[in-house]
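Shown next, in structure tokens, is the structure this report addresses.
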Amino acid sequence: MNKSNNYERVTDKDKIDELIAMIGPVVCKPNHFSSPWLQQKQWIVTPVADTINPMDAEWITTASSALGVTIGYGISLDSDMDVEIYKVPLNQDALLDFSADVSLLNFVLVPSDLSFAILLEAGNYILIAGNKQFVRTAIGCSFSTATTMFLDYATDSIWPEPTAKLLKEVAEKYIL
Amino acid sequence: MCLTNQHLITQLHNPEAEIGEMGASFPLPDSNTLSIEGIPLVTEETYLLVTPDSGTSALSNNPGFTLQQQGMENNVVFITTQEAIANLTHGAQLGRTTKGRSRQWVQQGGLDAAIGAFHALGLANITQRSGGVITGETLDGGILNLRAGSTYGSATIEVQSSNSKQKTKVRYE
């Protein structure tokens with residue numbers, strides 16, 4: 001992991017405990033956001049197909065930069081592994097390296113002020129959550145186009161049953 | 001029995017290899033402690049077979065995939081990223097191509113087939129990571145990740161090329 005030193009593992013126990021406590025109410029482990037949290041914060045969530053690609057990384061960088069945020073923390077959500085936390089600079093290269101290294105695992109990426117959250121599901125989808133302006137910038141297109149693109153992906157007839165069920169669940173929870 | 005060059009290479013790199021009428025077989029090293037959800041990645045019965053005439057990997061799904069395309073080192077058959085993709089996707093169904101996203105394939109056989117296909121490639125530096133992910137490397141620096149399916153998805157092999165951001169994912173149903 002971490003081939004190019006673009007991100008680093010967090011080892012400080014106090015910081016780890018702080019971050020784990022912070023995301024507790026935000027996520028429904030391992031691969032969803034908590035509905036009460038979304039309602040309370042009035043966050044918008046937009047699902048994006050697959051894993052982070054260079055365009056996503058650039059748009060997320062732009063969106064987080066507009067909030068004055070330059071560092072995120074990637075926190076593992078899989079129950080069958082010890083919690084791993086990485087400090088990830090919010091730039092294109094670091095985001096791509098990080099997402100590639102954890103691409104078949106479930107992680108949530110948040111800044112320390114929790115002004116947004118990005119859930120990287122284990123290789124099937126991404127959930128981009130935050131205020132409307134952040135999400136609109138981070139998805140790089142209109143909400144309508146993002147919805148169309150995700151539904152096109154989610155309804156592909158080739159998916160094995162578990163994947164089809166998973167993607168349908170995501171569409172129903174966040175779009176339909 | 002007439003020994004082919006491949007037999008000789010096999011013996012050279014693996015003195016314990018057994019040469020029989022059906023070809024050469026030898027256990028792949030260092031992987032028999034790896035497992036996914038309790039299923040061993042490599043068992044005592046798992047061998048890479050080399051047929052005498054064609055040099056074709058008997059575990060390969062792709063009849064056109066031959067060991068002549070690969071290099072051998074330290075008893076492990078190395079493979080390039082493109083060869084790995086060709087092998088994994090042979091006979092698979094291609095999903096819709098979405099610009100800038102991974103190329104998505106669906107292969108038959110479930111978790112057992114995923115483990116078998118991953119193992120049969122002869123990847124280098126196979127390691128088990130946290131979260132039940134097994135990782136291996138191709139000859140040209142590509143990374144392959146295997147994760148077993150769960151209630152949340154299907155068993156998946158992901159291929160990351162060293163010189164491209166484009167990924168290939170093969171899901172097993």
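Chain identifiers are assigned as A, B, and so on, following the order in which chains appear in the structure tokens; residues are numbered from 1 within each chain, and ligands are numbered from 1 in order of appearance.
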
Which chain A residues have any atom within 8 Å of an atom of chain B, and for each, what is the nearest pair of atoms with distance in Å to one decimal, counting only C-alpha atoms, rows sorted by chain and number, as a Markdown table?
```
| residue | atom | partner | partner_atom | distance |
| --- | --- | --- | --- | --- |
| A:Ala49 | CA | B:Arg101 | CA | 7.8 |
| A:Asp50 | CA | B:Arg101 | CA | 6.7 |
| A:Thr51 | CA | B:Arg101 | CA | 7.5 |
| A:Asn53 | CA | B:Arg101 | CA | 6.7 |
| A:Pro54 | CA | B:Lys165 | CA | 7.5 |
| A:Met55 | CA | B:Gly100 | CA | 7.8 |
| A:Asp78 | CA | B:Gly131 | CA | 6.5 |
| A:Asp80 | CA | B:Gly131 | CA | 5.7 |
| A:Met81 | CA | B:Gly131 | CA | 5.0 |
| A:Asp82 | CA | B:Ser130 | CA | 7.6 |
| A:Ala100 | CA | B:Gln160 | CA | 7.9 |
| A:Leu104 | CA | B:Arg147 | CA | 6.6 |
| A:Leu105 | CA | B:Gly131 | CA | 6.7 |
| A:Tyr153 | CA | B:Arg96 | CA | 7.4 |
| A:Asp156 | CA | B:Arg96 | CA | 6.7 |
| A:Ser157 | CA | B:Gly95 | CA | 7.8 |
| A:Ile158 | CA | B:Gly95 | CA | 5.9 |
| A:Trp159 | CA | B:Val106 | CA | 6.9 |
| A:Pro160 | CA | B:Glu173 | CA | 5.2 |
| A:Glu161 | CA | B:Glu173 | CA | 7.5 |
| A:Pro162 | CA | B:Gly153 | CA | 4.8 |
| A:Thr163 | CA | B:Gly153 | CA | 4.7 |
| A:Leu166 | CA | B:Tyr152 | CA | 6.0 |
```

Got a sec: who's within 7 Å of Trp59 in chain A, counting only C-alpha atoms, leaving out chain neighbours fewer than 3 positions off, as an MDAnalysis selection string?
-> chainID A and resid 55:56 62:63 137:140

Just to be explicit: take each residue in the selection above, keep C-alpha atoms, and write the result as a short mmCIF file (atom, residue, chain, number, x, y, z; two decimals), in the first residue's frame.
```
data_model
loop_
_atom_site.label_atom_id
_atom_site.label_comp_id
_atom_site.auth_asym_id
_atom_site.auth_seq_id
_atom_site.Cartn_x
_atom_site.Cartn_y
_atom_site.Cartn_z
CA MET A 55 -12.24 12.89 -13.40
CA ASP A 56 -13.84 12.11 -10.04
CA THR A 62 -12.09 21.14 -6.57
CA ALA A 63 -15.13 20.69 -4.35
CA THR A 137 -19.15 20.24 -7.80
CA ALA A 138 -17.84 16.83 -6.75
CA ILE A 139 -19.99 14.90 -9.25
CA GLY A 140 -18.91 17.14 -12.11
#
```

If you measure from CA of Trp37 in chain A to CA of Met149 in chain A, what distance in Å do you get, rounded to one decimal?
->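 Here the two named atoms are 25.7 Å from each other.
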
May I have the residues within 10 Å of Ala171 in chain A as a ChimeraX atom specification, using only C-alpha atoms and disregarding those fewer than 3 positions away in the same chain?
-> /A:46-47,147,150-151,154-155,165-168,174-176

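Separating CA of Leu121 in chain B from CA of Leu88 in chain B is a distance of 8.6 Å.
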
Tell me, as a PyMOL selection string, which residues lie within 10 Å of range 84-97 of chain A, counting only C-alpha atoms; anything in the same chain fewer than 5 positions away does not count.
-> (chain A and resi 1-12+15-16+19-20+51-65+69-78+102-103+107-111) or (chain B and resi 130+165)

Quote the spacing between CA of Cys141 in chain A and CA of Val170 in chain A in Å to one decimal place.
->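 CA of Val170 in chain A lies 19.4 Å from CA of Cys141 in chain A.
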
Surrounding residues of Ser162 in chain B excluding itself and chain neighbours under 2 positions, 6 Å, only C-alpha atoms, as a list in words |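 After dropping sequence-adjacent residues, the list is Gly141, Gly142 and Ser164 of chain B.
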
Using C-alpha atoms, can you export the residues from the last selection as a JSON list (two decimals), in the first residue's frame?
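Done, and the output landed in part-v9.json:
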```json
[["chain", "number", "residue", "atom", "x", "y", "z"],
["B", 141, "GLY", "CA", 3.76, -4.28, -12.49],
["B", 142, "GLY", "CA", 0.00, -4.68, -12.74],
["B", 164, "SER", "CA", -3.14, 3.13, -17.12]]
```

Find the residues near Gln133 in chain A: any atom within 10 Å, counting only C-alpha atoms, skip ones fewer than 6 places away on the same chain, and give them as a ChimeraX atom specification.
-> /A:44,63,66-67

Counting only C-alpha atoms, what is within 10 Å of Pro36 in chain A, bar same-chain residues fewer than 5 positions away, as a PyMOL selection string?
-> chain A and resi 25-27+41-42

Same residues, C-alpha atoms, saved as a PDB file, in the first residue's frame:
```pdb
ATOM      1  CA  PRO A  25     -23.283   8.408  13.597  1.00  0.00           C
ATOM      2  CA  VAL A  26     -22.473   9.142   9.942  1.00  0.00           C
ATOM      3  CA  VAL A  27     -22.244   5.677   8.460  1.00  0.00           C
ATOM      4  CA  LYS A  41     -27.564  17.529   8.471  1.00  0.00           C
ATOM      5  CA  GLN A  42     -29.783  17.958   5.406  1.00  0.00           C
TER       6      GLN A  42
END
```

Give the answer as one residue: which of B:Leu111, B:Val170, B:Ala84, B:Ala92 has the shortest atom-to-atom distance to Leu139 in chain B, using only C-alpha atoms?
->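 Using only C-alpha atoms, the shortest distance to Leu139 in chain B belongs to B:Ala84.
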
Would you please give, as a PDB file with N, CA and C atoms, in the first residue's frame, all residues of range 50-108 of chain A that DSSP assigns to strand (DSSP E or B) based on the backbone?
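The file below, part-v3.pdb, is the result:
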```
ATOM      1  N   ILE A  71      -7.151  18.165   3.501  1.00  0.00           N
ATOM      2  CA  ILE A  71      -6.782  16.862   4.038  1.00  0.00           C
ATOM      3  C   ILE A  71      -8.054  16.076   4.382  1.00  0.00           C
ATOM      4  N   GLY A  72      -8.054  14.799   4.012  1.00  0.00           N
ATOM      5  CA  GLY A  72      -9.146  13.924   4.409  1.00  0.00           C
ATOM      6  C   GLY A  72      -8.596  12.714   5.153  1.00  0.00           C
ATOM      7  N   TYR A  73      -9.494  12.007   5.805  1.00  0.00           N
ATOM      8  CA  TYR A  73      -9.101  10.777   6.508  1.00  0.00           C
ATOM      9  C   TYR A  73      -9.933   9.622   5.956  1.00  0.00           C
ATOM     10  N   GLY A  74      -9.242   8.633   5.442  1.00  0.00           N
ATOM     11  CA  GLY A  74      -9.915   7.441   4.947  1.00  0.00           C
ATOM     12  C   GLY A  74     -10.003   6.415   6.062  1.00  0.00           C
ATOM     13  N   ILE A  75     -11.208   6.004   6.414  1.00  0.00           N
ATOM     14  CA  ILE A  75     -11.430   5.119   7.563  1.00  0.00           C
ATOM     15  C   ILE A  75     -12.117   3.846   7.075  1.00  0.00           C
ATOM     16  N   SER A  76     -11.537   2.706   7.383  1.00  0.00           N
ATOM     17  CA  SER A  76     -12.106   1.444   6.898  1.00  0.00           C
ATOM     18  C   SER A  76     -13.410   1.132   7.615  1.00  0.00           C
ATOM     19  N   ILE A  85      -6.863   3.599   9.258  1.00  0.00           N
ATOM     20  CA  ILE A  85      -7.137   5.003   8.945  1.00  0.00           C
ATOM     21  C   ILE A  85      -5.926   5.599   8.221  1.00  0.00           C
ATOM     22  N   TYR A  86      -6.211   6.320   7.154  1.00  0.00           N
ATOM     23  CA  TYR A  86      -5.150   6.944   6.365  1.00  0.00           C
ATOM     24  C   TYR A  86      -5.418   8.446   6.226  1.00  0.00           C
ATOM     25  N   LYS A  87      -4.346   9.199   6.329  1.00  0.00           N
ATOM     26  CA  LYS A  87      -4.415  10.643   6.097  1.00  0.00           C
ATOM     27  C   LYS A  87      -4.157  10.885   4.618  1.00  0.00           C
ATOM     28  N   VAL A  88      -5.149  11.432   3.945  1.00  0.00           N
ATOM     29  CA  VAL A  88      -5.084  11.537   2.482  1.00  0.00           C
ATOM     30  C   VAL A  88      -5.155  13.000   2.047  1.00  0.00           C
ATOM     31  N   PRO A  89      -4.096  13.531   1.455  1.00  0.00           N
ATOM     32  CA  PRO A  89      -4.203  14.876   0.878  1.00  0.00           C
ATOM     33  C   PRO A  89      -5.285  14.884  -0.202  1.00  0.00           C
ATOM     34  N   PHE A 107     -14.483   2.004   2.544  1.00  0.00           N
ATOM     35  CA  PHE A 107     -13.861   3.106   3.287  1.00  0.00           C
ATOM     36  C   PHE A 107     -14.757   4.336   3.207  1.00  0.00           C
ATOM     37  N   VAL A 108     -14.680   5.166   4.241  1.00  0.00           N
ATOM     38  CA  VAL A 108     -15.303   6.484   4.147  1.00  0.00           C
ATOM     39  C   VAL A 108     -14.192   7.518   4.257  1.00  0.00           C
TER      40      VAL A 108
END
```

Using DSSP on the backbone coordinates, identify the residues of range 37-161 of chain A assigned to alpha helix (DSSP H); present them as a PyMOL selection string.
-> chain A and resi 37-41+54-66+92-101+132-139+143-154+161
